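Visitor: Just so it is clear, I am handing over input_14.cif, which has mmCIF, C-alpha atoms and all ligand atoms.
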```
data_coords
loop_
_atom_site.group_PDB
_atom_site.id
_atom_site.type_symbol
_atom_site.label_atom_id
_atom_site.label_comp_id
_atom_site.auth_asym_id
_atom_site.auth_seq_id
_atom_site.Cartn_x
_atom_site.Cartn_y
_atom_site.Cartn_z
ATOM 1 C CA MET O 1 58.559 -96.165 157.141
ATOM 2 C CA SER O 2 61.125 -93.865 155.629
ATOM 3 C CA ARG O 3 63.258 -91.438 157.552
ATOM 4 C CA ILE O 4 61.971 -87.895 157.874
ATOM 5 C CA VAL O 5 64.599 -85.279 157.045
ATOM 6 C CA TYR O 6 64.527 -81.491 157.216
ATOM 7 C CA VAL O 7 65.279 -79.325 154.179
ATOM 8 C CA ASN O 8 64.809 -75.566 154.152
ATOM 9 C CA GLY O 9 61.666 -75.315 156.248
ATOM 10 C CA GLU O 10 60.088 -78.658 155.362
ATOM 11 C CA TYR O 11 59.967 -82.070 156.987
ATOM 12 C CA LEU O 12 59.999 -84.649 154.185
ATOM 13 C CA ALA O 13 60.447 -88.363 153.576
ATOM 14 C CA GLU O 14 64.120 -88.746 152.627
ATOM 15 C CA GLU O 15 63.181 -89.824 149.075
ATOM 16 C CA GLU O 16 61.293 -86.548 148.587
ATOM 17 C CA ALA O 17 64.023 -84.213 149.838
ATOM 18 C CA ARG O 18 65.645 -82.006 147.175
ATOM 19 C CA ILE O 19 68.431 -79.439 147.000
ATOM 20 C CA SER O 20 69.391 -77.257 144.008
ATOM 21 C CA VAL O 21 72.159 -78.373 141.624
ATOM 22 C CA PHE O 22 73.406 -74.785 141.987
ATOM 23 C CA ASP O 23 73.760 -75.092 145.763
ATOM 24 C CA ARG O 24 77.314 -74.020 146.596
ATOM 25 C CA GLY O 25 77.582 -76.851 149.087
ATOM 26 C CA PHE O 26 77.239 -79.273 146.160
ATOM 27 C CA LEU O 27 79.392 -77.312 143.680
ATOM 28 C CA MET O 28 82.146 -75.944 145.940
ATOM 29 C CA ALA O 29 81.879 -77.601 149.371
ATOM 30 C CA ASP O 30 80.845 -74.101 150.475
ATOM 31 C CA GLY O 31 79.157 -75.278 153.631
ATOM 32 C CA VAL O 32 79.657 -76.079 157.277
ATOM 33 C CA TYR O 33 78.173 -78.717 159.531
ATOM 34 C CA GLU O 34 77.761 -80.046 163.041
ATOM 35 C CA VAL O 35 77.064 -83.522 164.347
ATOM 36 C CA THR O 36 75.386 -83.771 167.734
ATOM 37 C CA SER O 37 75.003 -87.076 169.507
ATOM 38 C CA VAL O 38 71.771 -88.267 171.075
ATOM 39 C CA LEU O 39 71.761 -90.461 174.176
ATOM 40 C CA GLU O 40 68.643 -91.431 176.142
ATOM 41 C CA GLY O 41 66.725 -89.019 173.900
ATOM 42 C CA LYS O 42 68.882 -86.083 174.986
ATOM 43 C CA LEU O 43 71.121 -83.819 172.906
ATOM 44 C CA ILE O 44 74.713 -84.069 174.160
ATOM 45 C CA ASP O 45 76.812 -80.861 174.331
ATOM 46 C CA PHE O 46 74.242 -79.054 172.152
ATOM 47 C CA ALA O 47 75.089 -75.496 173.265
ATOM 48 C CA ALA O 48 78.777 -76.011 172.468
ATOM 49 C CA HIS O 49 77.936 -77.290 168.967
ATOM 50 C CA MET O 50 75.896 -74.126 168.377
ATOM 51 C CA VAL O 51 78.819 -71.936 169.466
ATOM 52 C CA ARG O 52 81.143 -73.731 167.020
ATOM 53 C CA LEU O 53 78.569 -73.483 164.209
ATOM 54 C CA ARG O 54 78.394 -69.702 164.748
ATOM 55 C CA ARG O 55 82.178 -69.507 164.624
ATOM 56 C CA SER O 56 82.394 -71.564 161.392
ATOM 57 C CA LEU O 57 79.734 -69.367 159.761
ATOM 58 C CA ALA O 58 81.516 -66.178 160.841
ATOM 59 C CA GLU O 59 84.910 -67.370 159.546
ATOM 60 C CA LEU O 60 83.324 -67.913 156.104
ATOM 61 C CA ASP O 61 81.162 -64.792 156.185
ATOM 62 C CA MET O 62 78.129 -67.036 155.663
ATOM 63 C CA ALA O 63 74.599 -66.053 156.693
ATOM 64 C CA SER O 64 72.769 -68.108 159.286
ATOM 65 C CA PRO O 65 69.501 -69.786 158.259
ATOM 66 C CA ALA O 66 68.041 -69.782 161.784
ATOM 67 C CA ASP O 67 68.754 -68.841 165.382
ATOM 68 C CA ASP O 68 69.861 -71.328 168.040
ATOM 69 C CA ALA O 69 66.350 -71.847 169.440
ATOM 70 C CA GLU O 70 64.972 -72.664 165.968
ATOM 71 C CA LEU O 71 67.847 -75.050 165.252
ATOM 72 C CA GLU O 72 67.291 -76.794 168.574
ATOM 73 C CA ALA O 73 63.552 -77.123 167.849
ATOM 74 C CA ILE O 74 64.298 -78.793 164.499
ATOM 75 C CA HIS O 75 66.755 -81.194 166.182
ATOM 76 C CA ARG O 76 64.058 -82.179 168.692
ATOM 77 C CA ALA O 77 61.348 -82.493 166.036
ATOM 78 C CA LEU O 78 63.557 -84.834 163.979
ATOM 79 C CA MET O 79 64.348 -86.961 167.046
ATOM 80 C CA ALA O 80 60.636 -87.242 167.814
ATOM 81 C CA ARG O 81 59.473 -87.882 164.232
ATOM 82 C CA ASN O 82 62.092 -90.580 163.703
ATOM 83 C CA GLY O 83 61.900 -92.064 167.200
ATOM 84 C CA VAL O 84 65.648 -91.680 167.740
ATOM 85 C CA ASP O 85 66.867 -91.935 171.303
ATOM 86 C CA GLU O 86 70.444 -92.979 170.519
ATOM 87 C CA GLY O 87 72.465 -91.871 167.504
ATOM 88 C CA MET O 88 73.412 -88.651 165.771
ATOM 89 C CA ILE O 89 71.819 -85.599 164.240
ATOM 90 C CA TYR O 90 73.633 -84.125 161.253
ATOM 91 C CA MET O 91 73.107 -80.433 160.474
ATOM 92 C CA GLN O 92 74.502 -78.721 157.379
ATOM 93 C CA VAL O 93 74.385 -75.075 156.403
ATOM 94 C CA THR O 94 75.539 -74.037 152.945
ATOM 95 C CA ARG O 95 75.809 -70.604 151.375
ATOM 96 C CA GLY O 96 72.865 -71.548 149.173
ATOM 97 C CA ALA O 97 72.162 -71.610 145.439
ATOM 98 C CA ALA O 98 73.735 -69.074 143.075
ATOM 99 C CA ASP O 99 75.190 -69.075 139.559
ATOM 100 C CA ARG O 100 78.592 -70.750 139.778
ATOM 101 C CA ASP O 101 81.325 -68.269 140.646
ATOM 102 C CA PHE O 102 84.378 -68.351 142.898
ATOM 103 C CA ALA O 103 83.345 -65.070 144.504
ATOM 104 C CA TYR O 104 80.735 -65.417 147.228
ATOM 105 C CA PRO O 105 77.277 -64.370 145.900
ATOM 106 C CA GLU O 106 75.916 -61.165 147.433
ATOM 107 C CA ASN O 107 72.439 -62.292 148.418
ATOM 108 C CA ALA O 108 72.200 -66.052 148.423
ATOM 109 C CA THR O 109 69.799 -67.609 150.911
ATOM 110 C CA PRO O 110 71.607 -70.185 153.043
ATOM 111 C CA SER O 111 70.405 -73.793 152.823
ATOM 112 C CA LEU O 112 69.716 -75.799 155.953
ATOM 113 C CA VAL O 113 69.584 -79.597 155.902
ATOM 114 C CA MET O 114 69.241 -81.907 158.888
ATOM 115 C CA PHE O 115 68.814 -85.636 159.303
ATOM 116 C CA THR O 116 69.043 -88.294 161.996
ATOM 117 C CA GLN O 117 71.260 -91.375 162.064
ATOM 118 C CA ALA O 118 69.989 -93.903 164.588
ATOM 119 C CA LYS O 119 72.764 -96.161 165.870
ATOM 120 C CA PRO O 120 74.229 -97.485 169.094
ATOM 121 C CA LEU O 121 76.884 -95.130 170.469
ATOM 122 C CA ARG O 122 77.357 -96.378 174.001
ATOM 123 C CA ASP O 123 77.773 -100.101 173.550
ATOM 124 C CA THR O 124 80.026 -100.545 170.510
ATOM 125 C CA LYS O 125 82.750 -102.952 169.469
ATOM 126 C CA ALA O 126 85.187 -100.038 169.096
ATOM 127 C CA ALA O 127 84.584 -98.991 172.711
ATOM 128 C CA ARG O 128 84.903 -102.563 173.992
ATOM 129 C CA ASP O 129 87.966 -103.680 172.023
ATOM 130 C CA GLY O 130 89.593 -100.427 170.922
ATOM 131 C CA ILE O 131 90.571 -99.550 167.352
ATOM 132 C CA LYS O 132 93.715 -99.853 165.229
ATOM 133 C CA VAL O 133 95.081 -96.752 163.513
ATOM 134 C CA VAL O 134 97.825 -96.130 160.986
ATOM 135 C CA THR O 135 99.551 -92.822 160.406
ATOM 136 C CA VAL O 136 99.217 -91.085 157.024
ATOM 137 C CA GLU O 137 100.264 -87.729 155.620
ATOM 138 C CA ASP O 138 97.781 -84.960 156.492
ATOM 139 C CA ILE O 139 96.756 -83.719 153.043
ATOM 140 C CA ARG O 140 93.948 -81.381 154.187
ATOM 141 C CA TRP O 141 93.702 -77.600 153.741
ATOM 142 C CA GLY O 142 95.056 -74.971 156.139
ATOM 143 C CA ARG O 143 91.835 -74.058 158.000
ATOM 144 C CA ARG O 144 90.886 -77.300 159.701
ATOM 145 C CA ASP O 145 89.426 -75.289 162.588
ATOM 146 C CA ILE O 146 86.441 -74.440 160.348
ATOM 147 C CA LYS O 147 84.093 -77.414 160.225
ATOM 148 C CA THR O 148 83.437 -77.438 156.482
ATOM 149 C CA VAL O 149 81.852 -80.162 154.383
ATOM 150 C CA GLN O 150 84.988 -80.566 152.224
ATOM 151 C CA LEU O 151 85.754 -83.994 153.639
ATOM 152 C CA LEU O 152 87.333 -85.777 150.679
ATOM 153 C CA ALA O 153 90.900 -85.560 152.060
ATOM 154 C CA PRO O 154 90.071 -87.201 155.414
ATOM 155 C CA SER O 155 87.877 -89.662 153.526
ATOM 156 C CA MET O 156 90.901 -90.634 151.381
ATOM 157 C CA CYS O 157 93.022 -90.930 154.530
ATOM 158 C CA LYS O 158 90.432 -93.231 156.082
ATOM 159 C CA MET O 159 90.355 -95.415 152.965
ATOM 160 C CA ALA O 160 94.167 -95.625 153.030
ATOM 161 C CA ALA O 161 93.888 -96.861 156.630
ATOM 162 C CA ARG O 162 91.213 -99.398 155.678
ATOM 163 C CA ALA O 163 93.435 -100.669 152.836
ATOM 164 C CA GLU O 164 96.061 -101.454 155.468
ATOM 165 C CA GLY O 165 93.575 -103.318 157.640
ATOM 166 C CA ALA O 166 93.239 -100.512 160.206
ATOM 167 C CA ASP O 167 90.071 -98.822 161.445
ATOM 168 C CA ASP O 168 91.174 -95.205 161.096
ATOM 169 C CA ALA O 169 94.093 -92.955 160.200
ATOM 170 C CA TRP O 170 95.931 -90.508 162.410
ATOM 171 C CA MET O 171 97.101 -87.717 160.154
ATOM 172 C CA VAL O 172 100.645 -86.410 160.381
ATOM 173 C CA GLU O 173 102.182 -83.091 159.378
ATOM 174 C CA ASP O 174 105.910 -82.364 159.724
ATOM 175 C CA GLY O 175 106.292 -85.578 161.715
ATOM 176 C CA MET O 176 103.686 -84.543 164.288
ATOM 177 C CA VAL O 177 100.199 -86.021 164.660
ATOM 178 C CA THR O 178 97.414 -83.519 163.964
ATOM 179 C CA GLU O 179 94.253 -85.601 164.594
ATOM 180 C CA GLY O 180 92.210 -88.571 163.415
ATOM 181 C CA THR O 181 90.148 -88.385 160.207
ATOM 182 C CA SER O 182 87.025 -87.473 162.207
ATOM 183 C CA ASN O 183 88.271 -87.245 165.783
ATOM 184 C CA ASN O 184 90.900 -85.675 168.016
ATOM 185 C CA ALA O 185 93.912 -87.818 168.988
ATOM 186 C CA TYR O 186 95.443 -88.405 172.436
ATOM 187 C CA ILE O 187 98.296 -90.375 173.967
ATOM 188 C CA VAL O 188 99.193 -91.141 177.574
ATOM 189 C CA THR O 189 102.927 -90.906 178.272
ATOM 190 C CA ALA O 190 104.941 -93.357 180.377
ATOM 191 C CA ASP O 191 104.722 -90.952 183.329
ATOM 192 C CA GLY O 192 100.924 -90.647 183.044
ATOM 193 C CA ALA O 193 100.470 -87.290 181.278
ATOM 194 C CA LEU O 194 97.562 -86.957 178.850
ATOM 195 C CA VAL O 195 98.818 -85.326 175.643
ATOM 196 C CA THR O 196 96.735 -83.926 172.785
ATOM 197 C CA ARG O 197 97.444 -81.413 170.037
ATOM 198 C CA ASP O 198 97.056 -77.752 171.052
ATOM 199 C CA LEU O 199 94.308 -75.697 169.368
ATOM 200 C CA SER O 200 95.229 -73.853 166.152
ATOM 201 C CA HIS O 201 94.138 -73.730 162.502
ATOM 202 C CA ARG O 202 95.696 -77.192 162.086
ATOM 203 C CA ILE O 203 92.978 -79.173 163.897
ATOM 204 C CA LEU O 204 89.250 -79.074 164.489
ATOM 205 C CA HIS O 205 88.412 -77.679 167.910
ATOM 206 C CA GLY O 206 86.507 -80.733 169.069
ATOM 207 C CA ILE O 207 83.516 -80.246 171.330
ATOM 208 C CA THR O 208 84.181 -83.636 172.920
ATOM 209 C CA ARG O 209 87.857 -82.682 173.292
ATOM 210 C CA ALA O 210 86.946 -79.575 175.310
ATOM 211 C CA ALA O 211 84.668 -81.559 177.628
ATOM 212 C CA VAL O 212 87.106 -84.459 178.074
ATOM 213 C CA LEU O 213 90.011 -82.124 178.905
ATOM 214 C CA ARG O 214 87.818 -80.401 181.474
ATOM 215 C CA PHE O 215 86.871 -83.741 183.066
ATOM 216 C CA ALA O 216 90.504 -84.901 182.957
ATOM 217 C CA ALA O 217 91.646 -81.782 184.823
ATOM 218 C CA GLU O 218 88.878 -82.297 187.397
ATOM 219 C CA ALA O 219 90.098 -85.884 187.864
ATOM 220 C CA GLN O 220 93.617 -84.521 188.621
ATOM 221 C CA ILE O 221 95.047 -85.946 185.387
ATOM 222 C CA ARG O 222 98.028 -83.949 184.098
ATOM 223 C CA VAL O 223 97.067 -82.558 180.687
ATOM 224 C CA GLU O 224 99.601 -81.332 178.109
ATOM 225 C CA GLU O 225 98.169 -79.575 175.055
ATOM 226 C CA ARG O 226 101.027 -79.855 172.574
ATOM 227 C CA ALA O 227 102.064 -81.598 169.375
ATOM 228 C CA PHE O 228 103.374 -85.167 169.685
ATOM 229 C CA SER O 229 105.367 -87.164 167.146
ATOM 230 C CA VAL O 230 104.551 -90.554 165.631
ATOM 231 C CA GLU O 231 107.571 -91.923 167.499
ATOM 232 C CA GLU O 232 106.218 -90.661 170.824
ATOM 233 C CA ALA O 233 102.815 -92.163 170.017
ATOM 234 C CA LEU O 234 104.371 -95.564 169.281
ATOM 235 C CA GLY O 235 105.973 -95.529 172.733
ATOM 236 C CA ALA O 236 102.799 -94.368 174.527
ATOM 237 C CA ARG O 237 101.301 -96.249 177.431
ATOM 238 C CA GLU O 238 97.862 -95.900 175.876
ATOM 239 C CA ALA O 239 95.989 -93.830 173.302
ATOM 240 C CA PHE O 240 92.467 -92.817 172.397
ATOM 241 C CA ALA O 241 90.374 -90.553 170.165
ATOM 242 C CA THR O 242 87.373 -88.335 170.889
ATOM 243 C CA ALA O 243 84.394 -87.243 168.785
ATOM 244 C CA ALA O 244 80.706 -86.549 169.265
ATOM 245 C CA SER O 245 79.887 -89.790 167.450
ATOM 246 C CA SER O 246 82.260 -92.034 169.417
ATOM 247 C CA PHE O 247 82.788 -90.172 172.735
ATOM 248 C CA VAL O 248 86.138 -91.519 174.005
ATOM 249 C CA CYS O 249 87.326 -94.357 171.748
ATOM 250 C CA PRO O 250 90.339 -96.427 172.859
ATOM 251 C CA VAL O 251 93.194 -96.922 170.364
ATOM 252 C CA VAL O 252 95.061 -100.200 170.917
ATOM 253 C CA GLU O 253 97.429 -100.289 167.955
ATOM 254 C CA ILE O 254 99.328 -97.639 165.969
ATOM 255 C CA ASP O 255 101.172 -98.557 162.750
ATOM 256 C CA GLY O 256 101.119 -102.224 163.779
ATOM 257 C CA VAL O 257 102.650 -101.496 167.201
ATOM 258 C CA VAL O 258 100.463 -102.821 170.005
ATOM 259 C CA LEU O 259 100.062 -100.398 172.926
ATOM 260 C CA GLY O 260 100.223 -101.863 176.437
ATOM 261 C CA ASP O 261 98.536 -105.265 176.505
ATOM 262 C CA GLY O 262 96.480 -104.514 173.383
ATOM 263 C CA THR O 263 93.253 -103.791 175.243
ATOM 264 C CA PRO O 264 91.655 -100.383 176.018
ATOM 265 C CA GLY O 265 93.765 -98.489 178.545
ATOM 266 C CA PRO O 266 92.522 -97.476 181.991
ATOM 267 C CA MET O 267 92.559 -93.726 181.291
ATOM 268 C CA ALA O 268 90.514 -94.128 178.100
ATOM 269 C CA ARG O 269 87.993 -96.338 179.893
ATOM 270 C CA ARG O 270 87.723 -93.976 182.853
ATOM 271 C CA LEU O 271 87.362 -90.823 180.742
ATOM 272 C CA ARG O 272 84.761 -92.518 178.550
ATOM 273 C CA GLU O 273 82.698 -93.385 181.624
ATOM 274 C CA ILE O 274 83.032 -89.894 183.102
ATOM 275 C CA TYR O 275 82.251 -88.229 179.762
ATOM 276 C CA ILE O 276 79.047 -90.226 179.216
ATOM 277 C CA GLU O 277 77.864 -89.822 182.804
ATOM 278 C CA GLU O 278 78.591 -86.104 183.121
ATOM 279 C CA SER O 279 77.385 -85.178 179.624
ATOM 280 C CA LEU O 280 74.100 -86.979 180.218
ATOM 281 C CA LYS O 281 73.640 -85.147 183.512
ATOM 282 C CA ALA O 282 74.102 -81.798 181.763
ATOM 283 C CA ALA O 283 72.021 -82.693 178.675
ATOM 284 C CA ARG O 284 68.359 -82.014 177.948
HETATM 285 N N1 LIG G 301 88.561 -83.666 164.297
HETATM 286 C C1 LIG G 301 87.962 -83.817 163.104
HETATM 287 C C2 LIG G 301 88.760 -83.673 161.868
HETATM 288 C C3 LIG G 301 86.582 -84.120 163.033
HETATM 289 O O1 LIG G 301 85.983 -84.282 161.846
HETATM 290 C C4 LIG G 301 85.863 -84.284 164.241
HETATM 291 C C5 LIG G 301 84.425 -84.586 164.230
HETATM 292 O O2 LIG G 301 83.809 -84.709 163.207
HETATM 293 C C6 LIG G 301 86.538 -84.120 165.459
HETATM 294 C C7 LIG G 301 87.889 -83.801 165.450
HETATM 295 C C8 LIG G 301 85.820 -84.270 166.779
HETATM 296 O O3 LIG G 301 85.020 -83.158 167.033
HETATM 297 P P1 LIG G 301 83.732 -83.248 167.972
HETATM 298 O O4 LIG G 301 84.230 -83.747 169.300
HETATM 299 O O5 LIG G 301 83.234 -81.868 168.037
HETATM 300 O O6 LIG G 301 82.807 -84.223 167.318
#
```
In structure tokens, write the structure found in this file.

Guide:
Amino acid sequence: MSRIVYVNGEYLAEEEARISVFDRGFLMADGVYEVTSVLEGKLIDFAAHMVRLRRSLAELDMASPADDAELEAIHRALMARNGVDEGMIYMQVTRGAADRDFAYPENATPSLVMFTQAKPLRDTKAARDGIKVVTVEDIRWGRRDIKTVQLLAPSMCKMAARAEGADDAWMVEDGMVTEGTSNNAYIVTADGALVTRDLSHRILHGITRAAVLRFAAEAQIRVEERAFSVEEALGAREAFATAASSFVCPVVEIDGVVLGDGTPGPMARRLREIYIEESLKAAR
């Protein structure tokens, strides 16, 4: 049976789904997206993803194709139709189809596409063993706080990491780590402080990041939201990354330097457990 996807008001087999060649998402990456994880058939952090979607749309002066209740209903319909109880739901809004022009069209109708990706999120090799990252130059644009579909730069960074035998890249600007290619980056200092980049236009304001920092503060962990250098990361006691699709993912090696004993650190393991437990409690 083929996957059922949603395109502009219709639920279709994925082979039947169509979008215009004039869609500005296709021609100009003029679109934004959200990825919400599904665990035990529940949507994790859904309300926060909606808030960020609204912000991305507003920053680009893009119309919304539906209100939050309608978007939630489509998420739930796709979960049910595809029998997904663990995995992700991808949602993309583009400015819609219009004759190609750099200026935004006046009256384009936004396009809305959604699909499910069933896959294990809780029990993964990355969570068990941790991942290796290498640092690469951050070659992305200047508004990384807007979650746009122009993902070729981080895709290139990820491929550069793969070419070096690593799992992911941590991107670096002016000697300071910004974030991972599709996640926020954290280190734990020798004296036990949890450090992650402060919010600005330079990084995506991760939904998982916000929740994990809240849980860390509740667990009396000292949190420092500031830039950290590659050098500081190489001397860290432990490191990890967060994203909706990987929750809290331990990092055990940076640029070939093994952190601690080379296994997931205690803070990463603890925050992963707390995140999954608390997010599930709050989810519907
Ligand atoms: N940073 C970047 C560049 C991302 O692409 C993502 C997720 O796709 C994140 C951080 C993590 O954000 P979230 O926790 O909302 O998934």

Visitor: Using the chain letters and numbers from the file, give me the residues hit by the PyMOL selection byres (((not hetatm)) within 8 of (chain G and resi 301)), as number ranges by chain.

Guide: O: 34-36, 49, 144, 147, 154, 179-184, 203-210, 242-245, 247

Visitor: Which residues come within 12 Å of Asp67 in chain O, counting only C-alpha atoms, excluding same-chain residues fewer than 4 positions away, as JSON, numbers by chain?

Guide: {"O": [50, 51, 53, 54, 63, 71, 72, 73, 74, 112]}

Visitor: Any chance you could resolve the PyMOL selection byres (((chain O and resi 188) around 10) and not hetatm) against this file and give the residues as an mmCIF file with C-alpha atoms, in the coordinates of the input?

Guide:
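part.cif, written as the output of this step:
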```
data_model
loop_
_atom_site.group_PDB
_atom_site.id
_atom_site.type_symbol
_atom_site.label_atom_id
_atom_site.label_comp_id
_atom_site.auth_asym_id
_atom_site.auth_seq_id
_atom_site.Cartn_x
_atom_site.Cartn_y
_atom_site.Cartn_z
ATOM 1 C CA TYR O 186 95.443 -88.405 172.436
ATOM 2 C CA ILE O 187 98.296 -90.375 173.967
ATOM 3 C CA THR O 189 102.927 -90.906 178.272
ATOM 4 C CA ALA O 190 104.941 -93.357 180.377
ATOM 5 C CA ASP O 191 104.722 -90.952 183.329
ATOM 6 C CA GLY O 192 100.924 -90.647 183.044
ATOM 7 C CA ALA O 193 100.470 -87.290 181.278
ATOM 8 C CA LEU O 194 97.562 -86.957 178.850
ATOM 9 C CA VAL O 195 98.818 -85.326 175.643
ATOM 10 C CA THR O 196 96.735 -83.926 172.785
ATOM 11 C CA ARG O 222 98.028 -83.949 184.098
ATOM 12 C CA VAL O 223 97.067 -82.558 180.687
ATOM 13 C CA GLU O 224 99.601 -81.332 178.109
ATOM 14 C CA GLU O 232 106.218 -90.661 170.824
ATOM 15 C CA ALA O 233 102.815 -92.163 170.017
ATOM 16 C CA GLY O 235 105.973 -95.529 172.733
ATOM 17 C CA ALA O 236 102.799 -94.368 174.527
ATOM 18 C CA ARG O 237 101.301 -96.249 177.431
ATOM 19 C CA GLU O 238 97.862 -95.900 175.876
ATOM 20 C CA ALA O 239 95.989 -93.830 173.302
ATOM 21 C CA PHE O 240 92.467 -92.817 172.397
ATOM 22 C CA GLY O 265 93.765 -98.489 178.545
ATOM 23 C CA MET O 267 92.559 -93.726 181.291
ATOM 24 C CA ALA O 268 90.514 -94.128 178.100
#
```

Visitor: Please enumerate the residues selected by the PyMOL selection byres (((chain O and resi 37) around 10) and not hetatm) when evaluated against the supplied file, formatted as a ChimeraX atom specification.

Guide: /O:34-36,38-39,41-46,85-90,116-118,121,243-247

Visitor: Just C-alpha atoms for this one: save the residues we selected as a PDB file, keeping the file's coordinate frame.

Guide:
```pdb
ATOM      1  CA  GLU O  34      77.761 -80.046 163.041  1.00  0.00           C
ATOM      2  CA  VAL O  35      77.064 -83.522 164.347  1.00  0.00           C
ATOM      3  CA  THR O  36      75.386 -83.771 167.734  1.00  0.00           C
ATOM      4  CA  VAL O  38      71.771 -88.267 171.075  1.00  0.00           C
ATOM      5  CA  LEU O  39      71.761 -90.461 174.176  1.00  0.00           C
ATOM      6  CA  GLY O  41      66.725 -89.019 173.900  1.00  0.00           C
ATOM      7  CA  LYS O  42      68.882 -86.083 174.986  1.00  0.00           C
ATOM      8  CA  LEU O  43      71.121 -83.819 172.906  1.00  0.00           C
ATOM      9  CA  ILE O  44      74.713 -84.069 174.160  1.00  0.00           C
ATOM     10  CA  ASP O  45      76.812 -80.861 174.331  1.00  0.00           C
ATOM     11  CA  PHE O  46      74.242 -79.054 172.152  1.00  0.00           C
ATOM     12  CA  ASP O  85      66.867 -91.935 171.303  1.00  0.00           C
ATOM     13  CA  GLU O  86      70.444 -92.979 170.519  1.00  0.00           C
ATOM     14  CA  GLY O  87      72.465 -91.871 167.504  1.00  0.00           C
ATOM     15  CA  MET O  88      73.412 -88.651 165.771  1.00  0.00           C
ATOM     16  CA  ILE O  89      71.819 -85.599 164.240  1.00  0.00           C
ATOM     17  CA  TYR O  90      73.633 -84.125 161.253  1.00  0.00           C
ATOM     18  CA  THR O 116      69.043 -88.294 161.996  1.00  0.00           C
ATOM     19  CA  GLN O 117      71.260 -91.375 162.064  1.00  0.00           C
ATOM     20  CA  ALA O 118      69.989 -93.903 164.588  1.00  0.00           C
ATOM     21  CA  LEU O 121      76.884 -95.130 170.469  1.00  0.00           C
ATOM     22  CA  ALA O 243      84.394 -87.243 168.785  1.00  0.00           C
ATOM     23  CA  ALA O 244      80.706 -86.549 169.265  1.00  0.00           C
ATOM     24  CA  SER O 245      79.887 -89.790 167.450  1.00  0.00           C
ATOM     25  CA  SER O 246      82.260 -92.034 169.417  1.00  0.00           C
ATOM     26  CA  PHE O 247      82.788 -90.172 172.735  1.00  0.00           C
TER      27      PHE O 247
END
```

Visitor: What lies within 8 Å of Val149 in chain O using all atoms listed in the file, ignoring chain neighbours under 6 positions off, as a list in words?

Guide: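 Near Val149 in chain O, the qualifying residues are Gly25, Ala29, Asp30, Gly31, Val32 and Tyr33 of chain O.
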
Visitor: Using only C-alpha atoms for the distances, tell me which of O:Arg81, O:Lys125, O:Lys132, O:Arg270 is nearest to Glu253 in chain O.

Guide: O:Lys132
